[in-house]
Amino acid sequence: MREAILQAISSYRIFFGDGIYLTLGIGAVTYLAVKGKGDQKKHFFLGFLLLFSFIYLCPFTAHVIMEYCIGKNVYWRMFWIVPVTVLIAYMFASMISCLGRKWQQCIAIFGICLAIMQSGIFIYRENFSERQNRYKLYMEIPVICDLIEEDAGKYGITEKGLIVVNDLTAQIRQYDASIRMPYGRNALRNEKISKRASDIYAAMNEDPLDVNTLVVKAADGKYQYLVFYKEAYREELKRAGYELIGDVGNYDIYRLDLERYSNTKL
Amino acid sequence: MELWVRSGILAVMLGVIPLLAGILCTSGVEKNMLTEGILLSWAKGFVFCFGLFQILVIPCIFTEQSLTFLCVIYGGFLILLCGVSLILNWRKILSMIKRECRSLCHIPWAGIIVIFVILFQMYMYAAYMHVDDDDAFYLATSTTSVQTDTLFQVDPYSGEEYQAFPSRYVLSPFPVFIAVLSRVSGIHAAILAHTLLPPVLLLLAYVVLGMIGYQLFHGDRKKIWIFVLIGAILPMFLSTTVYMQGSFMLLRIWQGKAVLTAVLLPFLLYCGLCILEGHWKKKDWILLAALMFACCMVSSMGIMLGAAMLGILGIVLAVLKRDAALLVKMAMCGIPNILYTAAYLLVLGGK
């Protein structure tokens with residue numbers, strides 16, 4: 001139960017961070033509390049917040065929610081229930097509306113917006129980038145997948161299997177789900193994957209690259225294609241049976257001769 | 001299929017169909033809500049479409065139907081709903097459109113700024129890119145569903161068949177909703193999710209915010225526009241952590257949990273305010289039930305958070321209105337959440 005309380009407090013800090021959002025939220029609640037009597041909305045919001053706070057902080061309910069409902073690592077998602085933005089906007093809109101003249105309201109709106117902009121961080125500054133293609137995936141993804149599709153067509157490969165470096169793992173199957181892979185983001189997050197997938201993942205992330213394990217496991221799983229960093233281990237991969245069929249950006253694309261390894265087991 | 005045809009199909013699926021479904025299901029266009037009629041109906045229609053989807057998709061998943069089958073069934077129901085709506089309400093729709101066009105000439109200056117801010121945010125979604133690793137599962141699930149014509153039969157990470165249903169996600173198949181849109185419109189799921197759907201969902205989020213403002217300020221348009229303006233500026237500058245509602249709304253609204261936090265939970269608040277202000281009719285209980293189905297559909301978080309918020313609202317409103325029956329009615333609307341929780345724990349093993 002004590003852990004539940006500590007996790008609840010930690011989640012609250014994670015959610016609100018260091019900005020003035022929480023301060024404004026508290027200000028809005030205070031404004032609501034001291035607002036005119038008999039306003040049903042005041043009682044509605046205050047009652048809501050009180051009940052939410054009880055559920056959030058009560059060790060018993062917190063424990064139940066963390067263990068059986070949403071998980072303790074994402075307990076901060078409980079704050080999605082709380083309409084903080086609505087309360088802050090309601091406070092400001094109410095205060096501005098109390099000003100008698102239109103020019104006063106204009107200045108107030110302008111001032112509040114400016115104050116909000118100055119005290120925060122423009123969300124688009126670091127979170128968005130130029131799009132690299134119409135799918136909004138990394139530039140290499142459609143090129144790699146289309147190249148593999150074309151190559152597979154030429155050689156009569158009906159079931160395409162692909163192993164890629166970690167950078168690209170998350171996006172290949174967002175573009176082309178006909179390509180099989182031994183693992184996806186689940187391997188990067190240390191989630192449970194098959195033995196073969198685990199061996200391939202380990203081989204790909206060895207330094208130096210464990211070409212022998214990689215090639216045998218790739219053949220075993222029928223993952224004919226490989227994408228690796230440009231000009232890295234080219235000779236070793238060539239000796240192991242990989243043929244370089246193209247390159248894009250910082251990556252080389254290979255095809256493995258599966259026949260060579262059809263009877264080999266590691 | 002030509003691009004303009006695909007875009008037209010998408011516009012119908014995301015614009016016309018929710019609007020017609022919403023008009024059918026709203027309580028009627030009251031005089032003081034005429035100019036909010038179209039947007040209000042559209043938003044309510046979206047909730048109904050989500051709710052209907054959830055009711056249909058779960059049996060389809062568990063009986064291992066194809067995506068095509070689901071598209072046909074869901075499409076059939078929607079066409080039926082829209083057909084009935086058109087037949088019953090075509091005069092009402094025409095007068096709503098006329099009034100809406102007339103009201104566009106009387107938008108206050110605050111409203112013009114709001115429209116500019118919202119259009120800017122929509123433009124950012126359409127023109128720029130934000131990479132989110134959760135797409136490795138969600139968007140890959142959509143693409144997998146389209147390309148294999150299956151529903152949660154194939155692991156989106158590997159392309160291999162699932163040995164068992166992914167219990168955490170199978171009851172909240174929002175990626176399958178995107179797959180349906182992709183399949184019917186012919187637009188790749190990645191383009192749909194990253195470029196075309198986010199501006200629509202963002203607009204929906206602000207319509208819901210406007211609806212909340214309408215209840216808070218008793219229809220005073222000037223105050224509502226100021227309220228929405230502040231509500232639009234705040235997330236752009238004060239979303240200082242990636243966990244806040246504003247971050248989810250402005251960075252990755254194409255994901256189910258972002259729809260939950262930006263659209264559906266605020267919609268639930270709107271319902272609570274309607275009950276508080278006495279703007280709630282018997283028909284609206286169906287809307288609330290659809291909303292709870294919709295919360296379950298978009299995210300597994302919605303099963304629990306939707307129920308929690310509904311419970312809190314129910315208790316507060318029952319006390320304020322001194323009406324215990326209200327709590328019972330609201331609890332009944334939460335039955336979908338209870339059922340899906342039971343399904344998760346008992347049938348799927350809670351893993």
# chains A, B, ... in the order shown; residues from 1 in each chain; ligands from 1

call {"tool": "select_by_dssp", "arguments": {"residues": "range 190-220 of chain A", "states": "helix (DSSP H, G or I)", "output": "list in words"}}
result
Lys195, Arg196, Ala197, Ser198, Asp199, Ile200, Tyr201, Ala202, Ala203, Met204, Val211, Asn212, Thr213, Leu214, Val215, Val216, Lys217, Ala218, Ala219 and Asp220 of chain A

call {"tool": "residues_around", "arguments": {"residues": "range 234-240 of chain A", "least_positions_apart": "6", "cutoff": "12 Å", "atoms": "only C-alpha atoms", "output": "PyMOL selection string"}}
result
chain A and resi 208-216+218-219+225-228+247+251-258+260-261

call {"tool": "write_last_selection", "arguments": {"atoms": "N, CA and C atoms", "output": "PDB file, in the first residue's frame"}}
result
ATOM      1  N   PRO A 208      32.164  -7.756 -32.800  1.00  0.00           N
ATOM      2  CA  PRO A 208      31.732  -7.643 -34.207  1.00  0.00           C
ATOM      3  C   PRO A 208      30.505  -8.485 -34.520  1.00  0.00           C
ATOM      4  N   LEU A 209      29.886  -8.210 -35.636  1.00  0.00           N
ATOM      5  CA  LEU A 209      28.691  -8.928 -36.093  1.00  0.00           C
ATOM      6  C   LEU A 209      28.968 -10.429 -36.158  1.00  0.00           C
ATOM      7  N   ASP A 210      28.058 -11.217 -35.548  1.00  0.00           N
ATOM      8  CA  ASP A 210      28.216 -12.676 -35.557  1.00  0.00           C
ATOM      9  C   ASP A 210      27.619 -13.215 -36.860  1.00  0.00           C
ATOM     10  N   VAL A 211      28.411 -13.168 -37.905  1.00  0.00           N
ATOM     11  CA  VAL A 211      27.916 -13.498 -39.241  1.00  0.00           C
ATOM     12  C   VAL A 211      27.491 -14.964 -39.331  1.00  0.00           C
ATOM     13  N   ASN A 212      28.264 -15.842 -38.707  1.00  0.00           N
ATOM     14  CA  ASN A 212      27.963 -17.283 -38.812  1.00  0.00           C
ATOM     15  C   ASN A 212      26.592 -17.616 -38.251  1.00  0.00           C
ATOM     16  N   THR A 213      26.338 -17.150 -37.018  1.00  0.00           N
ATOM     17  CA  THR A 213      25.036 -17.416 -36.403  1.00  0.00           C
ATOM     18  C   THR A 213      23.926 -16.755 -37.210  1.00  0.00           C
ATOM     19  N   LEU A 214      24.192 -15.547 -37.610  1.00  0.00           N
ATOM     20  CA  LEU A 214      23.184 -14.793 -38.352  1.00  0.00           C
ATOM     21  C   LEU A 214      22.755 -15.533 -39.600  1.00  0.00           C
ATOM     22  N   VAL A 215      23.734 -15.980 -40.361  1.00  0.00           N
ATOM     23  CA  VAL A 215      23.409 -16.544 -41.664  1.00  0.00           C
ATOM     24  C   VAL A 215      22.693 -17.891 -41.520  1.00  0.00           C
ATOM     25  N   VAL A 216      23.121 -18.686 -40.533  1.00  0.00           N
ATOM     26  CA  VAL A 216      22.464 -19.985 -40.339  1.00  0.00           C
ATOM     27  C   VAL A 216      21.038 -19.814 -39.840  1.00  0.00           C
ATOM     28  N   ALA A 218      19.207 -17.170 -40.195  1.00  0.00           N
ATOM     29  CA  ALA A 218      18.426 -16.509 -41.245  1.00  0.00           C
ATOM     30  C   ALA A 218      17.941 -17.538 -42.263  1.00  0.00           C
ATOM     31  N   ALA A 219      18.823 -18.466 -42.604  1.00  0.00           N
ATOM     32  CA  ALA A 219      18.449 -19.520 -43.555  1.00  0.00           C
ATOM     33  C   ALA A 219      17.401 -20.440 -42.942  1.00  0.00           C
ATOM     34  N   TYR A 225      16.463 -11.813 -46.931  1.00  0.00           N
ATOM     35  CA  TYR A 225      17.011 -10.472 -47.095  1.00  0.00           C
ATOM     36  C   TYR A 225      17.566  -9.931 -45.784  1.00  0.00           C
ATOM     37  N   LEU A 226      18.578  -9.095 -45.972  1.00  0.00           N
ATOM     38  CA  LEU A 226      19.232  -8.469 -44.820  1.00  0.00           C
ATOM     39  C   LEU A 226      19.512  -7.016 -45.155  1.00  0.00           C
ATOM     40  N   VAL A 227      19.267  -6.143 -44.189  1.00  0.00           N
ATOM     41  CA  VAL A 227      19.663  -4.735 -44.335  1.00  0.00           C
ATOM     42  C   VAL A 227      20.652  -4.436 -43.215  1.00  0.00           C
ATOM     43  N   PHE A 228      21.837  -4.008 -43.598  1.00  0.00           N
ATOM     44  CA  PHE A 228      22.852  -3.669 -42.599  1.00  0.00           C
ATOM     45  C   PHE A 228      23.482  -2.339 -42.950  1.00  0.00           C
ATOM     46  N   ASP A 247      21.735  -0.429 -52.320  1.00  0.00           N
ATOM     47  CA  ASP A 247      21.976   0.342 -51.106  1.00  0.00           C
ATOM     48  C   ASP A 247      21.110   1.589 -51.153  1.00  0.00           C
ATOM     49  N   TYR A 251      22.469   2.386 -45.650  1.00  0.00           N
ATOM     50  CA  TYR A 251      22.240   0.952 -45.514  1.00  0.00           C
ATOM     51  C   TYR A 251      22.521   0.179 -46.804  1.00  0.00           C
ATOM     52  N   ASP A 252      23.028  -1.042 -46.615  1.00  0.00           N
ATOM     53  CA  ASP A 252      23.187  -1.990 -47.708  1.00  0.00           C
ATOM     54  C   ASP A 252      22.073  -3.022 -47.611  1.00  0.00           C
ATOM     55  N   ILE A 253      21.648  -3.495 -48.786  1.00  0.00           N
ATOM     56  CA  ILE A 253      20.594  -4.518 -48.826  1.00  0.00           C
ATOM     57  C   ILE A 253      21.164  -5.770 -49.462  1.00  0.00           C
ATOM     58  N   TYR A 254      20.990  -6.896 -48.801  1.00  0.00           N
ATOM     59  CA  TYR A 254      21.559  -8.155 -49.266  1.00  0.00           C
ATOM     60  C   TYR A 254      20.465  -9.194 -49.474  1.00  0.00           C
ATOM     61  N   ARG A 255      20.800 -10.152 -50.354  1.00  0.00           N
ATOM     62  CA  ARG A 255      19.965 -11.349 -50.484  1.00  0.00           C
ATOM     63  C   ARG A 255      20.840 -12.564 -50.205  1.00  0.00           C
ATOM     64  N   LEU A 256      20.257 -13.498 -49.446  1.00  0.00           N
ATOM     65  CA  LEU A 256      20.998 -14.704 -49.057  1.00  0.00           C
ATOM     66  C   LEU A 256      20.609 -15.867 -49.951  1.00  0.00           C
ATOM     67  N   ASP A 257      21.608 -16.638 -50.328  1.00  0.00           N
ATOM     68  CA  ASP A 257      21.363 -17.854 -51.094  1.00  0.00           C
ATOM     69  C   ASP A 257      20.921 -18.935 -50.117  1.00  0.00           C
ATOM     70  N   LEU A 258      19.624 -19.152 -49.998  1.00  0.00           N
ATOM     71  CA  LEU A 258      19.110 -20.087 -48.995  1.00  0.00           C
ATOM     72  C   LEU A 258      19.510 -21.535 -49.285  1.00  0.00           C
ATOM     73  N   ARG A 260      22.250 -22.748 -50.150  1.00  0.00           N
ATOM     74  CA  ARG A 260      23.570 -23.067 -49.594  1.00  0.00           C
ATOM     75  C   ARG A 260      23.449 -23.544 -48.156  1.00  0.00           C
ATOM     76  N   TYR A 261      22.430 -23.064 -47.432  1.00  0.00           N
ATOM     77  CA  TYR A 261      22.318 -23.380 -46.024  1.00  0.00           C
ATOM     78  C   TYR A 261      21.128 -24.280 -45.698  1.00  0.00           C
TER      79      TYR A 261
END

call {"tool": "residues_around", "arguments": {"residues": "range 168-174 of chain A", "least_positions_apart": "2", "cutoff": "9 Å", "atoms": "only C-alpha atoms", "output": "PDB file with N, CA and C atoms, in the first residue's frame"}}
result
ATOM      1  N   LEU A 137       7.336   7.958 -43.060  1.00  0.00           N
ATOM      2  CA  LEU A 137       8.268   6.990 -42.501  1.00  0.00           C
ATOM      3  C   LEU A 137       9.663   7.435 -42.925  1.00  0.00           C
ATOM      4  N   TYR A 138      10.665   6.807 -42.350  1.00  0.00           N
ATOM      5  CA  TYR A 138      12.033   7.162 -42.752  1.00  0.00           C
ATOM      6  C   TYR A 138      12.180   6.977 -44.259  1.00  0.00           C
ATOM      7  N   GLU A 140      14.340   5.721 -46.106  1.00  0.00           N
ATOM      8  CA  GLU A 140      14.838   4.432 -46.611  1.00  0.00           C
ATOM      9  C   GLU A 140      13.764   3.344 -46.662  1.00  0.00           C
ATOM     10  N   ILE A 141      12.755   3.460 -45.842  1.00  0.00           N
ATOM     11  CA  ILE A 141      11.804   2.351 -45.667  1.00  0.00           C
ATOM     12  C   ILE A 141      11.108   1.960 -46.974  1.00  0.00           C
ATOM     13  N   PRO A 142      10.403   2.877 -47.635  1.00  0.00           N
ATOM     14  CA  PRO A 142       9.730   2.464 -48.872  1.00  0.00           C
ATOM     15  C   PRO A 142      10.717   2.012 -49.947  1.00  0.00           C
ATOM     16  N   ILE A 144      13.673   0.498 -49.523  1.00  0.00           N
ATOM     17  CA  ILE A 144      14.123  -0.858 -49.186  1.00  0.00           C
ATOM     18  C   ILE A 144      13.026  -1.871 -49.517  1.00  0.00           C
ATOM     19  N   CYS A 145      11.827  -1.591 -49.053  1.00  0.00           N
ATOM     20  CA  CYS A 145      10.729  -2.545 -49.256  1.00  0.00           C
ATOM     21  C   CYS A 145      10.407  -2.723 -50.733  1.00  0.00           C
ATOM     22  N   ILE A 163      15.696  -9.340 -42.320  1.00  0.00           N
ATOM     23  CA  ILE A 163      16.312  -8.961 -41.035  1.00  0.00           C
ATOM     24  C   ILE A 163      16.911  -7.578 -41.233  1.00  0.00           C
ATOM     25  N   VAL A 164      16.638  -6.676 -40.290  1.00  0.00           N
ATOM     26  CA  VAL A 164      17.158  -5.312 -40.429  1.00  0.00           C
ATOM     27  C   VAL A 164      17.863  -4.883 -39.152  1.00  0.00           C
ATOM     28  N   VAL A 165      18.609  -3.812 -39.274  1.00  0.00           N
ATOM     29  CA  VAL A 165      19.237  -3.221 -38.093  1.00  0.00           C
ATOM     30  C   VAL A 165      18.157  -2.577 -37.219  1.00  0.00           C
ATOM     31  N   ASN A 166      18.503  -2.309 -35.978  1.00  0.00           N
ATOM     32  CA  ASN A 166      17.530  -1.816 -35.004  1.00  0.00           C
ATOM     33  C   ASN A 166      16.842  -0.515 -35.418  1.00  0.00           C
ATOM     34  N   ASP A 176       5.121  -2.256 -45.406  1.00  0.00           N
ATOM     35  CA  ASP A 176       4.829  -3.464 -46.169  1.00  0.00           C
ATOM     36  C   ASP A 176       4.697  -4.638 -45.218  1.00  0.00           C
ATOM     37  N   ALA A 177       3.460  -5.040 -44.951  1.00  0.00           N
ATOM     38  CA  ALA A 177       3.229  -6.125 -43.997  1.00  0.00           C
ATOM     39  C   ALA A 177       3.355  -7.501 -44.640  1.00  0.00           C
ATOM     40  N   SER A 178       3.713  -7.534 -45.928  1.00  0.00           N
ATOM     41  CA  SER A 178       3.922  -8.835 -46.556  1.00  0.00           C
ATOM     42  C   SER A 178       5.347  -9.357 -46.299  1.00  0.00           C
ATOM     43  N   ILE A 179       6.174  -8.514 -45.712  1.00  0.00           N
ATOM     44  CA  ILE A 179       7.547  -8.912 -45.391  1.00  0.00           C
ATOM     45  C   ILE A 179       7.570  -9.496 -43.982  1.00  0.00           C
ATOM     46  N   ARG A 180       8.061 -10.737 -43.881  1.00  0.00           N
ATOM     47  CA  ARG A 180       8.194 -11.363 -42.564  1.00  0.00           C
ATOM     48  C   ARG A 180       9.469 -10.896 -41.913  1.00  0.00           C
ATOM     49  N   MET A 181       9.427 -10.789 -40.605  1.00  0.00           N
ATOM     50  CA  MET A 181      10.638 -10.421 -39.858  1.00  0.00           C
ATOM     51  C   MET A 181      10.727 -11.315 -38.631  1.00  0.00           C
ATOM     52  N   TYR A 183      11.601 -10.427 -35.667  1.00  0.00           N
ATOM     53  CA  TYR A 183      11.161  -9.666 -34.494  1.00  0.00           C
ATOM     54  C   TYR A 183      10.895  -8.235 -34.922  1.00  0.00           C
ATOM     55  N   GLY A 184      10.239  -7.503 -34.046  1.00  0.00           N
ATOM     56  CA  GLY A 184      10.002  -6.089 -34.295  1.00  0.00           C
ATOM     57  C   GLY A 184      10.462  -5.304 -33.084  1.00  0.00           C
ATOM     58  N   ARG A 185       9.655  -4.323 -32.708  1.00  0.00           N
ATOM     59  CA  ARG A 185      10.019  -3.500 -31.553  1.00  0.00           C
ATOM     60  C   ARG A 185      10.029  -4.332 -30.269  1.00  0.00           C
ATOM     61  N   LEU A 188      13.477  -5.065 -29.183  1.00  0.00           N
ATOM     62  CA  LEU A 188      14.168  -3.876 -28.670  1.00  0.00           C
ATOM     63  C   LEU A 188      13.704  -3.547 -27.247  1.00  0.00           C
ATOM     64  N   VAL A 227      19.267  -6.143 -44.189  1.00  0.00           N
ATOM     65  CA  VAL A 227      19.663  -4.735 -44.335  1.00  0.00           C
ATOM     66  C   VAL A 227      20.652  -4.436 -43.215  1.00  0.00           C
TER      67      VAL A 227
ATOM     68  N   ASP B 133       7.227   5.513 -31.822  1.00  0.00           N
ATOM     69  CA  ASP B 133       7.553   4.084 -31.845  1.00  0.00           C
ATOM     70  C   ASP B 133       6.339   3.182 -31.624  1.00  0.00           C
ATOM     71  N   ASP B 134       5.297   3.706 -30.997  1.00  0.00           N
ATOM     72  CA  ASP B 134       4.104   2.871 -30.785  1.00  0.00           C
ATOM     73  C   ASP B 134       3.471   2.460 -32.109  1.00  0.00           C
ATOM     74  N   ASP B 135       3.766   3.199 -33.177  1.00  0.00           N
ATOM     75  CA  ASP B 135       3.255   2.817 -34.502  1.00  0.00           C
ATOM     76  C   ASP B 135       3.790   1.468 -34.941  1.00  0.00           C
ATOM     77  N   ALA B 136       4.902   1.046 -34.367  1.00  0.00           N
ATOM     78  CA  ALA B 136       5.461  -0.264 -34.708  1.00  0.00           C
ATOM     79  C   ALA B 136       4.436  -1.358 -34.450  1.00  0.00           C
ATOM     80  N   PHE B 137       3.568  -1.141 -33.458  1.00  0.00           N
ATOM     81  CA  PHE B 137       2.491  -2.099 -33.226  1.00  0.00           C
ATOM     82  C   PHE B 137       1.194  -1.647 -33.900  1.00  0.00           C
ATOM     83  N   TYR B 138       0.771  -0.419 -33.562  1.00  0.00           N
ATOM     84  CA  TYR B 138      -0.575   0.008 -33.972  1.00  0.00           C
ATOM     85  C   TYR B 138      -0.713   0.146 -35.489  1.00  0.00           C
ATOM     86  N   LEU B 139       0.178   0.908 -36.092  1.00  0.00           N
ATOM     87  CA  LEU B 139       0.071   1.108 -37.539  1.00  0.00           C
ATOM     88  C   LEU B 139       0.414  -0.177 -38.296  1.00  0.00           C
ATOM     89  N   ALA B 140       1.373  -0.918 -37.765  1.00  0.00           N
ATOM     90  CA  ALA B 140       1.702  -2.201 -38.396  1.00  0.00           C
ATOM     91  C   ALA B 140       0.514  -3.156 -38.316  1.00  0.00           C
ATOM     92  N   THR B 141      -0.276  -3.074 -37.252  1.00  0.00           N
ATOM     93  CA  THR B 141      -1.490  -3.883 -37.155  1.00  0.00           C
ATOM     94  C   THR B 141      -2.475  -3.498 -38.251  1.00  0.00           C
ATOM     95  N   SER B 142      -2.616  -2.196 -38.482  1.00  0.00           N
ATOM     96  CA  SER B 142      -3.524  -1.727 -39.545  1.00  0.00           C
ATOM     97  C   SER B 142      -3.053  -2.229 -40.902  1.00  0.00           C
ATOM     98  N   THR B 143      -1.770  -2.031 -41.182  1.00  0.00           N
ATOM     99  CA  THR B 143      -1.227  -2.455 -42.479  1.00  0.00           C
ATOM    100  C   THR B 143      -1.336  -3.971 -42.636  1.00  0.00           C
ATOM    101  N   THR B 144      -1.057  -4.692 -41.560  1.00  0.00           N
ATOM    102  CA  THR B 144      -1.157  -6.157 -41.580  1.00  0.00           C
ATOM    103  C   THR B 144      -2.596  -6.596 -41.862  1.00  0.00           C
ATOM    104  N   PRO B 156       1.843  -8.226 -35.871  1.00  0.00           N
ATOM    105  CA  PRO B 156       2.332  -7.112 -36.681  1.00  0.00           C
ATOM    106  C   PRO B 156       3.849  -6.947 -36.608  1.00  0.00           C
ATOM    107  N   TYR B 157       4.476  -7.482 -35.569  1.00  0.00           N
ATOM    108  CA  TYR B 157       5.933  -7.359 -35.438  1.00  0.00           C
ATOM    109  C   TYR B 157       6.667  -8.300 -36.406  1.00  0.00           C
ATOM    110  N   SER B 158       6.132  -9.525 -36.580  1.00  0.00           N
ATOM    111  CA  SER B 158       6.883 -10.524 -37.330  1.00  0.00           C
ATOM    112  C   SER B 158       6.194 -10.995 -38.599  1.00  0.00           C
ATOM    113  N   GLY B 159       4.886 -10.854 -38.647  1.00  0.00           N
ATOM    114  CA  GLY B 159       4.163 -11.387 -39.799  1.00  0.00           C
ATOM    115  C   GLY B 159       3.784 -12.847 -39.631  1.00  0.00           C
ATOM    116  N   ALA B 189      -2.559   2.656 -45.230  1.00  0.00           N
ATOM    117  CA  ALA B 189      -2.836   2.937 -43.821  1.00  0.00           C
ATOM    118  C   ALA B 189      -1.873   3.973 -43.233  1.00  0.00           C
ATOM    119  N   ALA B 190      -0.616   3.961 -43.679  1.00  0.00           N
ATOM    120  CA  ALA B 190       0.362   4.910 -43.144  1.00  0.00           C
ATOM    121  C   ALA B 190       0.023   6.342 -43.567  1.00  0.00           C
TER     122      ALA B 190
END

call {"tool": "closest_residue", "arguments": {"among": "B:Gly278, B:Pro173, B:Gly213, B:Gly8", "to": "chain A", "atoms": "only C-alpha atoms"}}
result
B:Gly213

call {"tool": "atom_distance", "arguments": {"atom1": "CA of Ala289 in chain B", "atom2": "CA of Gly75 in chain B"}}
result
20.9 Å

call {"tool": "residues_around", "arguments": {"residues": "Ser85 in chain B", "least_positions_apart": "5", "cutoff": "12 Å", "atoms": "only C-alpha atoms", "output": "list in words"}}
result
Val16, Ile17, Pro18, Leu19, Leu20, Ala21, Gly22, Ile23, Leu24, Cys25, Thr26, Gly28, Ser41, Gly45, Leu78, Ile79, Leu80, Trp90, Arg91, Lys92 and Ile93 of chain B

call {"tool": "residues_around", "arguments": {"residues": "Thr150 in chain B", "least_positions_apart": "3", "cutoff": "9 Å", "atoms": "only C-alpha atoms", "output": "PDB file with N, CA and C atoms, in the first residue's frame"}}
result
ATOM      1  N   ILE B  61     -13.736 -10.504 -34.705  1.00  0.00           N
ATOM      2  CA  ILE B  61     -12.373 -10.903 -34.351  1.00  0.00           C
ATOM      3  C   ILE B  61     -12.381 -12.306 -33.758  1.00  0.00           C
ATOM      4  N   GLU B  64     -12.970 -15.033 -36.074  1.00  0.00           N
ATOM      5  CA  GLU B  64     -11.924 -15.072 -37.114  1.00  0.00           C
ATOM      6  C   GLU B  64     -12.454 -14.733 -38.505  1.00  0.00           C
ATOM      7  N   GLN B  65     -13.258 -13.698 -38.563  1.00  0.00           N
ATOM      8  CA  GLN B  65     -13.741 -13.231 -39.864  1.00  0.00           C
ATOM      9  C   GLN B  65     -12.653 -12.412 -40.549  1.00  0.00           C
ATOM     10  N   SER B  66     -12.875 -12.133 -41.809  1.00  0.00           N
ATOM     11  CA  SER B  66     -11.898 -11.354 -42.563  1.00  0.00           C
ATOM     12  C   SER B  66     -12.197  -9.865 -42.428  1.00  0.00           C
ATOM     13  N   LEU B  67     -11.230  -9.059 -42.804  1.00  0.00           N
ATOM     14  CA  LEU B  67     -11.424  -7.611 -42.812  1.00  0.00           C
ATOM     15  C   LEU B  67     -12.513  -7.238 -43.813  1.00  0.00           C
ATOM     16  N   THR B  68     -12.535  -7.942 -44.931  1.00  0.00           N
ATOM     17  CA  THR B  68     -13.557  -7.682 -45.954  1.00  0.00           C
ATOM     18  C   THR B  68     -14.951  -7.878 -45.374  1.00  0.00           C
ATOM     19  N   THR B 144      -1.057  -4.692 -41.560  1.00  0.00           N
ATOM     20  CA  THR B 144      -1.157  -6.157 -41.580  1.00  0.00           C
ATOM     21  C   THR B 144      -2.596  -6.596 -41.862  1.00  0.00           C
ATOM     22  N   SER B 145      -3.544  -5.956 -41.207  1.00  0.00           N
ATOM     23  CA  SER B 145      -4.958  -6.314 -41.409  1.00  0.00           C
ATOM     24  C   SER B 145      -5.357  -6.111 -42.861  1.00  0.00           C
ATOM     25  N   VAL B 146      -4.918  -5.012 -43.450  1.00  0.00           N
ATOM     26  CA  VAL B 146      -5.268  -4.721 -44.844  1.00  0.00           C
ATOM     27  C   VAL B 146      -4.624  -5.729 -45.792  1.00  0.00           C
ATOM     28  N   GLN B 147      -3.332  -5.992 -45.573  1.00  0.00           N
ATOM     29  CA  GLN B 147      -2.613  -6.821 -46.545  1.00  0.00           C
ATOM     30  C   GLN B 147      -2.894  -8.302 -46.393  1.00  0.00           C
ATOM     31  N   GLN B 153      -5.074 -11.816 -36.523  1.00  0.00           N
ATOM     32  CA  GLN B 153      -4.633 -13.196 -36.711  1.00  0.00           C
ATOM     33  C   GLN B 153      -3.115 -13.264 -36.904  1.00  0.00           C
ATOM     34  N   VAL B 154      -2.539 -12.124 -37.290  1.00  0.00           N
ATOM     35  CA  VAL B 154      -1.117 -12.081 -37.648  1.00  0.00           C
ATOM     36  C   VAL B 154      -0.396 -11.071 -36.766  1.00  0.00           C
TER      37      VAL B 154
END

call {"tool": "residues_around", "arguments": {"residues": "Cys274 in chain B", "least_positions_apart": "2", "cutoff": "12 Å", "atoms": "only C-alpha atoms", "output": "list in words"}}
result
Lys41 and Phe44 of chain A; Met211, Ile212, Gly213, Tyr214, Gln215, Leu216, Phe217, His218, Phe267, Leu268, Leu269, Tyr270, Cys271, Gly272, Leu276, Glu277, Gly278, His279, Trp280, Lys281, Asp284, Trp285, Leu288, Leu313 and Leu317 of chain B

call {"tool": "decode", "arguments": {"residues": "range 159-175 of chain A", "atoms": "C-alpha atoms", "output": "JSON list (two decimals), in the first residue's frame"}}
result
[["chain", "number", "residue", "atom", "x", "y", "z"],
["A", 159, "GLU", "CA", 7.42, -15.21, -49.09],
["A", 160, "LYS", "CA", 9.84, -12.44, -48.31],
["A", 161, "GLY", "CA", 11.77, -12.59, -45.05],
["A", 162, "LEU", "CA", 13.89, -9.69, -43.84],
["A", 163, "ILE", "CA", 16.31, -8.96, -41.03],
["A", 164, "VAL", "CA", 17.16, -5.31, -40.43],
["A", 165, "VAL", "CA", 19.24, -3.22, -38.09],
["A", 166, "ASN", "CA", 17.53, -1.82, -35.00],
["A", 167, "ASP", "CA", 17.03, 1.67, -36.49],
["A", 168, "LEU", "CA", 14.61, 0.36, -39.08],
["A", 169, "THR", "CA", 12.95, -2.49, -37.19],
["A", 170, "ALA", "CA", 9.92, -0.49, -36.07],
["A", 171, "GLN", "CA", 8.92, 0.84, -39.50],
["A", 172, "ILE", "CA", 9.34, -1.89, -42.13],
["A", 173, "ARG", "CA", 6.00, -3.57, -41.49],
["A", 174, "GLN", "CA", 4.21, -0.26, -41.18],
["A", 175, "TYR", "CA", 4.86, 0.10, -44.90]]
